[in-house]
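Chemist: I am sharing my_file13.pdb, which consists of PDB, N, CA and C atoms:
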ATOM      1  N   MET A1219      93.705  -5.170 -25.061
ATOM      2  CA  MET A1219      92.307  -5.551 -24.986
ATOM      3  C   MET A1219      91.466  -4.461 -24.311
ATOM      4  N   ALA A1220      92.041  -3.793 -23.356
ATOM      5  CA  ALA A1220      91.298  -2.733 -22.664
ATOM      6  C   ALA A1220      90.981  -1.583 -23.611
ATOM      7  N   SER A1221      91.862  -1.313 -24.577
ATOM      8  CA  SER A1221      91.614  -0.210 -25.502
ATOM      9  C   SER A1221      90.434  -0.517 -26.429
ATOM     10  N   GLU A1222      90.219  -1.792 -26.733
ATOM     11  CA  GLU A1222      89.066  -2.163 -27.573
ATOM     12  C   GLU A1222      87.759  -1.875 -26.858
ATOM     13  N   ASP A1223      87.715  -2.152 -25.541
ATOM     14  CA  ASP A1223      86.500  -1.892 -24.774
ATOM     15  C   ASP A1223      86.193  -0.393 -24.716
ATOM     16  N   THR A1224      87.219   0.419 -24.562
ATOM     17  CA  THR A1224      86.974   1.862 -24.491
ATOM     18  C   THR A1224      86.484   2.402 -25.814
ATOM     19  N   GLU A1225      86.970   1.873 -26.914
ATOM     20  CA  GLU A1225      86.516   2.343 -28.225
ATOM     21  C   GLU A1225      85.045   2.044 -28.427
ATOM     22  N   GLU A1226      84.603   0.874 -28.004
ATOM     23  CA  GLU A1226      83.187   0.516 -28.173
ATOM     24  C   GLU A1226      82.295   1.417 -27.334
ATOM     25  N   THR A1227      82.649   1.615 -26.069
ATOM     26  CA  THR A1227      81.782   2.411 -25.199
ATOM     27  C   THR A1227      81.829   3.891 -25.544
ATOM     28  N   SER A1228      82.939   4.395 -26.069
ATOM     29  CA  SER A1228      83.021   5.823 -26.360
ATOM     30  C   SER A1228      82.192   6.215 -27.583
ATOM     31  N   SER A1229      81.881   5.257 -28.455
ATOM     32  CA  SER A1229      81.102   5.600 -29.636
ATOM     33  C   SER A1229      79.602   5.518 -29.395
ATOM     34  N   ARG A1230      79.215   5.022 -28.251
ATOM     35  CA  ARG A1230      77.787   4.943 -27.942
ATOM     36  C   ARG A1230      77.282   6.287 -27.425
ATOM     37  N   PRO A1231      76.056   6.639 -27.769
ATOM     38  CA  PRO A1231      75.494   7.880 -27.216
ATOM     39  C   PRO A1231      75.292   7.744 -25.708
ATOM     40  N   ARG A1232      75.528   8.847 -25.010
ATOM     41  CA  ARG A1232      75.354   8.841 -23.559
ATOM     42  C   ARG A1232      74.431   9.979 -23.159
ATOM     43  N   GLY A1233      73.886   9.901 -21.980
ATOM     44  CA  GLY A1233      73.052  10.975 -21.457
ATOM     45  C   GLY A1233      71.816  11.218 -22.311
ATOM     46  N   PHE A1234      71.547  12.495 -22.599
ATOM     47  CA  PHE A1234      70.363  12.848 -23.386
ATOM     48  C   PHE A1234      70.426  12.292 -24.798
ATOM     49  N   ALA A1235      71.622  12.135 -25.335
ATOM     50  CA  ALA A1235      71.758  11.622 -26.696
ATOM     51  C   ALA A1235      71.260  10.181 -26.808
ATOM     52  N   ALA A1236      71.276   9.460 -25.700
ATOM     53  CA  ALA A1236      70.834   8.073 -25.715
ATOM     54  C   ALA A1236      69.309   7.955 -25.629
ATOM     55  N   LEU A1237      68.638   9.053 -25.301
ATOM     56  CA  LEU A1237      67.179   9.029 -25.167
ATOM     57  C   LEU A1237      66.510   9.246 -26.515
ATOM     58  N   THR A1238      65.317   8.714 -26.637
ATOM     59  CA  THR A1238      64.529   8.965 -27.843
ATOM     60  C   THR A1238      63.953  10.376 -27.737
ATOM     61  N   PRO A1239      63.536  10.970 -28.847
ATOM     62  CA  PRO A1239      62.933  12.306 -28.771
ATOM     63  C   PRO A1239      61.723  12.358 -27.824
ATOM     64  N   GLU A1240      60.951  11.292 -27.789
ATOM     65  CA  GLU A1240      59.785  11.271 -26.898
ATOM     66  C   GLU A1240      60.233  11.275 -25.435
ATOM     67  N   GLN A1241      61.295  10.518 -25.120
ATOM     68  CA  GLN A1241      61.793  10.480 -23.749
ATOM     69  C   GLN A1241      62.363  11.841 -23.347
ATOM     70  N   ARG A1242      63.075  12.493 -24.262
ATOM     71  CA  ARG A1242      63.619  13.821 -23.973
ATOM     72  C   ARG A1242      62.504  14.818 -23.715
ATOM     73  N   ARG A1243      61.465  14.764 -24.542
ATOM     74  CA  ARG A1243      60.338  15.682 -24.386
ATOM     75  C   ARG A1243      59.652  15.454 -23.047
ATOM     76  N   ALA A1244      59.453  14.193 -22.659
ATOM     77  CA  ALA A1244      58.806  13.875 -21.388
ATOM     78  C   ALA A1244      59.646  14.364 -20.216
ATOM     79  N   LEU A1245      60.957  14.186 -20.302
ATOM     80  CA  LEU A1245      61.839  14.620 -19.229
ATOM     81  C   LEU A1245      61.844  16.144 -19.115
ATOM     82  N   GLY A1246      61.893  16.839 -20.230
ATOM     83  CA  GLY A1246      61.852  18.297 -20.214
ATOM     84  C   GLY A1246      60.537  18.816 -19.671
ATOM     85  N   SER A1247      59.462  18.165 -20.041
ATOM     86  CA  SER A1247      58.144  18.566 -19.565
ATOM     87  C   SER A1247      58.046  18.389 -18.054
ATOM     88  N   LYS A1248      58.610  17.301 -17.568
ATOM     89  CA  LYS A1248      58.593  17.034 -16.125
ATOM     90  C   LYS A1248      59.359  18.136 -15.389
ATOM     91  N   GLY A1249      60.498  18.546 -15.941
ATOM     92  CA  GLY A1249      61.273  19.614 -15.319
ATOM     93  C   GLY A1249      60.522  20.931 -15.319
ATOM     94  N   GLY A1250      59.828  21.228 -16.409
ATOM     95  CA  GLY A1250      59.047  22.460 -16.482
ATOM     96  C   GLY A1250      57.913  22.480 -15.478
ATOM     97  N   ARG A1251      57.219  21.348 -15.352
ATOM     98  CA  ARG A1251      56.121  21.266 -14.379
ATOM     99  C   ARG A1251      56.655  21.435 -12.957
ATOM    100  N   THR A1252      57.804  20.827 -12.670
ATOM    101  CA  THR A1252      58.404  20.937 -11.342
ATOM    102  C   THR A1252      58.785  22.377 -11.046
ATOM    103  N   ALA A1253      59.392  23.062 -12.009
ATOM    104  CA  ALA A1253      59.798  24.452 -11.798
ATOM    105  C   ALA A1253      58.593  25.339 -11.528
ATOM    106  N   HIS A1254      57.516  25.128 -12.255
ATOM    107  CA  HIS A1254      56.310  25.927 -12.020
ATOM    108  C   HIS A1254      55.718  25.620 -10.653
ATOM    109  N   ALA A1255      55.724  24.344 -10.264
ATOM    110  CA  ALA A1255      55.181  23.962  -8.957
ATOM    111  C   ALA A1255      56.006  24.577  -7.821
ATOM    112  N   ARG A1256      57.321  24.668  -7.999
ATOM    113  CA  ARG A1256      58.196  25.235  -6.976
ATOM    114  C   ARG A1256      58.195  26.752  -6.999
ATOM    115  N   GLY A1257      57.694  27.326  -8.088
ATOM    116  CA  GLY A1257      57.675  28.782  -8.210
ATOM    117  C   GLY A1257      58.993  29.352  -8.705
ATOM    118  N   THR A1258      59.858  28.513  -9.274
ATOM    119  CA  THR A1258      61.160  28.976  -9.756
ATOM    120  C   THR A1258      61.196  29.132 -11.272
ATOM    121  N   ALA A1259      60.086  28.880 -11.940
ATOM    122  CA  ALA A1259      60.045  28.988 -13.400
ATOM    123  C   ALA A1259      60.073  30.462 -13.805
ATOM    124  N   ASN A1260      60.712  30.743 -14.931
ATOM    125  CA  ASN A1260      60.785  32.115 -15.433
ATOM    126  C   ASN A1260      59.508  32.430 -16.194
ATOM    127  N   LYS A1261      58.849  33.496 -15.798
ATOM    128  CA  LYS A1261      57.614  33.913 -16.463
ATOM    129  C   LYS A1261      57.830  35.312 -17.022
ATOM    130  N   PHE A1262      58.231  35.365 -18.289
ATOM    131  CA  PHE A1262      58.478  36.661 -18.916
ATOM    132  C   PHE A1262      57.166  37.300 -19.332
ATOM    133  N   THR A1263      57.045  38.569 -18.998
ATOM    134  CA  THR A1263      55.964  39.393 -19.529
ATOM    135  C   THR A1263      56.620  40.300 -20.562
ATOM    136  N   PRO A1264      55.864  40.908 -21.444
ATOM    137  CA  PRO A1264      56.484  41.823 -22.405
ATOM    138  C   PRO A1264      57.292  42.931 -21.720
ATOM    139  N   GLU A1265      56.832  43.399 -20.576
ATOM    140  CA  GLU A1265      57.528  44.471 -19.867
ATOM    141  C   GLU A1265      58.858  43.979 -19.298
ATOM    142  N   SER A1266      58.850  42.789 -18.656
ATOM    143  CA  SER A1266      60.098  42.293 -18.062
ATOM    144  C   SER A1266      61.085  41.883 -19.154
ATOM    145  N   ALA A1267      60.598  41.401 -20.288
ATOM    146  CA  ALA A1267      61.483  41.050 -21.406
ATOM    147  C   ALA A1267      62.129  42.312 -21.964
ATOM    148  N   SER A1268      61.385  43.386 -22.020
ATOM    149  CA  SER A1268      61.918  44.647 -22.511
ATOM    150  C   SER A1268      63.014  45.167 -21.592
ATOM    151  N   VAL A1269      62.786  45.080 -20.300
ATOM    152  CA  VAL A1269      63.790  45.518 -19.327
ATOM    153  C   VAL A1269      65.034  44.640 -19.449
ATOM    154  N   ALA A1270      64.855  43.336 -19.555
ATOM    155  CA  ALA A1270      65.987  42.412 -19.658
ATOM    156  C   ALA A1270      66.786  42.660 -20.932
ATOM    157  N   GLY A1271      66.114  42.994 -22.014
ATOM    158  CA  GLY A1271      66.801  43.264 -23.267
ATOM    159  C   GLY A1271      67.578  44.565 -23.246
ATOM    160  N   ARG A1272      67.162  45.490 -22.407
ATOM    161  CA  ARG A1272      67.821  46.782 -22.317
ATOM    162  C   ARG A1272      69.122  46.719 -21.524
ATOM    163  N   ILE A1273      69.238  45.782 -20.595
ATOM    164  CA  ILE A1273      70.370  45.723 -19.669
ATOM    165  C   ILE A1273      71.726  45.657 -20.384
ATOM    166  N   PRO A1274      71.935  44.743 -21.359
ATOM    167  CA  PRO A1274      73.252  44.711 -22.002
ATOM    168  C   PRO A1274      73.614  46.026 -22.694
ATOM    169  N   HIS A1275      72.625  46.727 -23.215
ATOM    170  CA  HIS A1275      72.887  48.001 -23.879
ATOM    171  C   HIS A1275      73.317  49.061 -22.866
ATOM    172  N   GLU A1276      72.687  49.050 -21.690
ATOM    173  CA  GLU A1276      73.046  50.011 -20.660
ATOM    174  C   GLU A1276      74.437  49.725 -20.096
ATOM    175  N   ARG A1277      74.786  48.441 -19.978
ATOM    176  CA  ARG A1277      76.103  48.053 -19.456
ATOM    177  C   ARG A1277      77.203  48.220 -20.504
ATOM    178  N   GLY A1278      76.800  48.305 -21.763
ATOM    179  CA  GLY A1278      77.786  48.403 -22.831
ATOM    180  C   GLY A1278      78.327  47.056 -23.264
ATOM    181  N   THR A1279      77.628  45.978 -22.883
ATOM    182  CA  THR A1279      78.091  44.634 -23.241
ATOM    183  C   THR A1279      77.328  44.049 -24.422
ATOM    184  N   ALA A1280      76.385  44.790 -24.972
ATOM    185  CA  ALA A1280      75.613  44.295 -26.113
ATOM    186  C   ALA A1280      76.504  44.226 -27.344
ATOM    187  N   HIS A1281      76.241  43.295 -28.211
ATOM    188  CA  HIS A1281      77.032  43.154 -29.432
ATOM    189  C   HIS A1281      76.794  44.360 -30.325
ATOM    190  N   LYS A1282      77.869  44.935 -30.783
ATOM    191  CA  LYS A1282      77.767  46.070 -31.700
ATOM    192  C   LYS A1282      78.078  45.566 -33.103
ATOM    193  N   TRP A1283      77.109  45.657 -33.967
ATOM    194  CA  TRP A1283      77.244  45.150 -35.331
ATOM    195  C   TRP A1283      78.051  46.118 -36.175
ATOM    196  N   SER A1284      79.003  45.567 -36.907
ATOM    197  CA  SER A1284      79.695  46.393 -37.897
ATOM    198  C   SER A1284      78.809  46.412 -39.144
ATOM    199  N   ALA A1285      79.083  47.322 -40.055
ATOM    200  CA  ALA A1285      78.284  47.415 -41.277
ATOM    201  C   ALA A1285      78.381  46.107 -42.065
ATOM    202  N   GLU A1286      79.574  45.514 -42.106
ATOM    203  CA  GLU A1286      79.755  44.263 -42.856
ATOM    204  C   GLU A1286      78.987  43.109 -42.206
ATOM    205  N   GLU A1287      79.005  43.014 -40.878
ATOM    206  CA  GLU A1287      78.246  41.964 -40.176
ATOM    207  C   GLU A1287      76.755  42.110 -40.455
ATOM    208  N   ALA A1288      76.263  43.326 -40.441
ATOM    209  CA  ALA A1288      74.845  43.564 -40.691
ATOM    210  C   ALA A1288      74.479  43.158 -42.119
ATOM    211  N   ARG A1289      75.345  43.510 -43.093
ATOM    212  CA  ARG A1289      75.073  43.111 -44.481
ATOM    213  C   ARG A1289      75.055  41.595 -44.619
ATOM    214  N   GLU A1290      76.022  40.916 -43.979
ATOM    215  CA  GLU A1290      76.103  39.454 -44.050
ATOM    216  C   GLU A1290      74.850  38.808 -43.434
ATOM    217  N   ALA A1291      74.413  39.337 -42.293
ATOM    218  CA  ALA A1291      73.205  38.810 -41.649
ATOM    219  C   ALA A1291      71.990  39.023 -42.546
ATOM    220  N   GLY A1292      71.931  40.158 -43.210
ATOM    221  CA  GLY A1292      70.824  40.442 -44.117
ATOM    222  C   GLY A1292      70.810  39.498 -45.305
ATOM    223  N   ARG A1293      71.998  39.143 -45.790
ATOM    224  CA  ARG A1293      72.059  38.200 -46.910
ATOM    225  C   ARG A1293      71.588  36.812 -46.501
ATOM    226  N   LYS A1294      71.850  36.449 -45.249
ATOM    227  CA  LYS A1294      71.466  35.122 -44.769
ATOM    228  C   LYS A1294      69.970  35.023 -44.477
ATOM    229  N   GLY A1295      69.311  36.131 -44.295
ATOM    230  CA  GLY A1295      67.902  36.138 -43.912
ATOM    231  C   GLY A1295      67.041  35.277 -44.806
ATOM    232  N   GLY A1296      66.281  34.387 -44.198
ATOM    233  CA  GLY A1296      65.376  33.527 -44.948
ATOM    234  C   GLY A1296      66.029  32.320 -45.575
ATOM    235  N   SER A1297      67.334  32.148 -45.385
ATOM    236  CA  SER A1297      67.992  31.005 -46.010
ATOM    237  C   SER A1297      68.101  29.806 -45.076
ATOM    238  N   ALA A1298      67.695  29.961 -43.827
ATOM    239  CA  ALA A1298      67.778  28.845 -42.887
ATOM    240  C   ALA A1298      66.817  27.746 -43.313
ATOM    241  N   PRO A1299      67.242  26.495 -43.189
ATOM    242  CA  PRO A1299      66.337  25.402 -43.559
ATOM    243  C   PRO A1299      65.135  25.379 -42.626
ATOM    244  N   ARG A1300      64.000  25.145 -43.190
ATOM    245  CA  ARG A1300      62.777  25.130 -42.379
ATOM    246  C   ARG A1300      62.403  23.705 -42.044
ATOM    247  N   ARG A1301      61.997  23.523 -40.808
ATOM    248  CA  ARG A1301      61.543  22.195 -40.396
ATOM    249  C   ARG A1301      60.068  22.072 -40.684
ATOM    250  N   ARG A1302      59.712  20.987 -41.275
ATOM    251  CA  ARG A1302      58.293  20.749 -41.527
ATOM    252  C   ARG A1302      57.771  19.756 -40.501
ATOM    253  N   PRO A1303      56.537  19.943 -40.058
ATOM    254  CA  PRO A1303      55.982  18.992 -39.091
ATOM    255  C   PRO A1303      55.879  17.609 -39.721
ATOM    256  N   PRO A1304      56.059  16.570 -38.918
ATOM    257  CA  PRO A1304      55.981  15.218 -39.479
ATOM    258  C   PRO A1304      54.604  14.928 -40.064
ATOM    259  N   GLN A1305      54.599  14.297 -41.198
ATOM    260  CA  GLN A1305      53.348  13.914 -41.859
ATOM    261  C   GLN A1305      52.833  12.621 -41.247
ATOM    262  N   ASP A1306      51.609  12.641 -40.747
ATOM    263  CA  ASP A1306      51.021  11.426 -40.150
ATOM    264  C   ASP A1306      50.297  10.598 -41.169
TER     265      ASP A1306
END
Let me see the file written as structure tokens.
Modeler:
Amino acid sequence: MASEDTEETSSRPRGFAALTPEQRRALGSKGGRTAHARGTANKFTPESASVAGRIPHERGTAHKWSAEEAREAGRKGGSAPRRRPPQD
């Protein structure tokens, strides 16, 4: 009997998955406002983004594309499904 109870509860969404999209958006917005109020929010400028993007290349940890990977990525370009805004 105990195994039946675990099966029921394990199939239910938990955490963020149990929230509606509106609830998730509200919670995320609250976190963003709090981070800005505390001064811990990340504020990228074009200059700081450029510096941050350069770091992996300088360390040698940036992904190095092989010719085949680059061709495959080029073939995929534009094939991603596009989300359309909801029609009211």
Chemist: Using atom CA of Ser1229 of chain A and atom N of Arg1243 of chain A as the two end points, give the distance in Å to one decimal.
Modeler: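 Pair atom CA of Ser1229 of chain A / atom N of Arg1243 of chain A returns 22.3 Å.
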Chemist: List every residue of segment 1242-1295 of chain A that DSSP, applied to the backbone, labels as helix (DSSP H, G or I), and write the result as a ChimeraX atom specification.
Modeler: /A:1242-1256,1264-1277,1285-1294
Chemist: Give the padded box for segment 1266-1272 of chain A as lines of an AutoDock Vina configuration file: axis-aligned, covering all atoms listed in the file, 8 Å on each side, centre and edge lengths in Å to one decimal.
Modeler:
center_x = 64.0
center_y = 43.9
center_z = -20.7
size_x = 26.3
size_y = 21.7
size_z = 21.2
Chemist: Rounded to one decimal in Å, what is the spacing between atom CA of Gly1246 of chain A and atom CA of Phe1234 of chain A?
Modeler: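 Between atom CA of Gly1246 of chain A and atom CA of Phe1234 of chain A the gap is 10.6 Å.
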Chemist: Work out how far atom CA of Glu1265 of chain A is from atom CA of Ala1280 of chain A, in Å to one decimal.
Modeler: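 These two atoms are separated by 19.1 Å.
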Chemist: Excluding Ala1259 of chain A and any residue of its chain fewer than 6 positions from it, enumerate the residues within 8 Å of it, using all atoms listed in the file, and give them as a CSV table (one decimal) with N, CA and C atoms, in the coordinates of the input.
Modeler:
chain,number,residue,atom,x,y,z
A,1250,GLY,N,59.8,21.2,-16.4
A,1250,GLY,CA,59.0,22.5,-16.5
A,1250,GLY,C,57.9,22.5,-15.5
A,1252,THR,N,57.8,20.8,-12.7
A,1252,THR,CA,58.4,20.9,-11.3
A,1252,THR,C,58.8,22.4,-11.0
A,1253,ALA,N,59.4,23.1,-12.0
A,1253,ALA,CA,59.8,24.5,-11.8
A,1253,ALA,C,58.6,25.3,-11.5
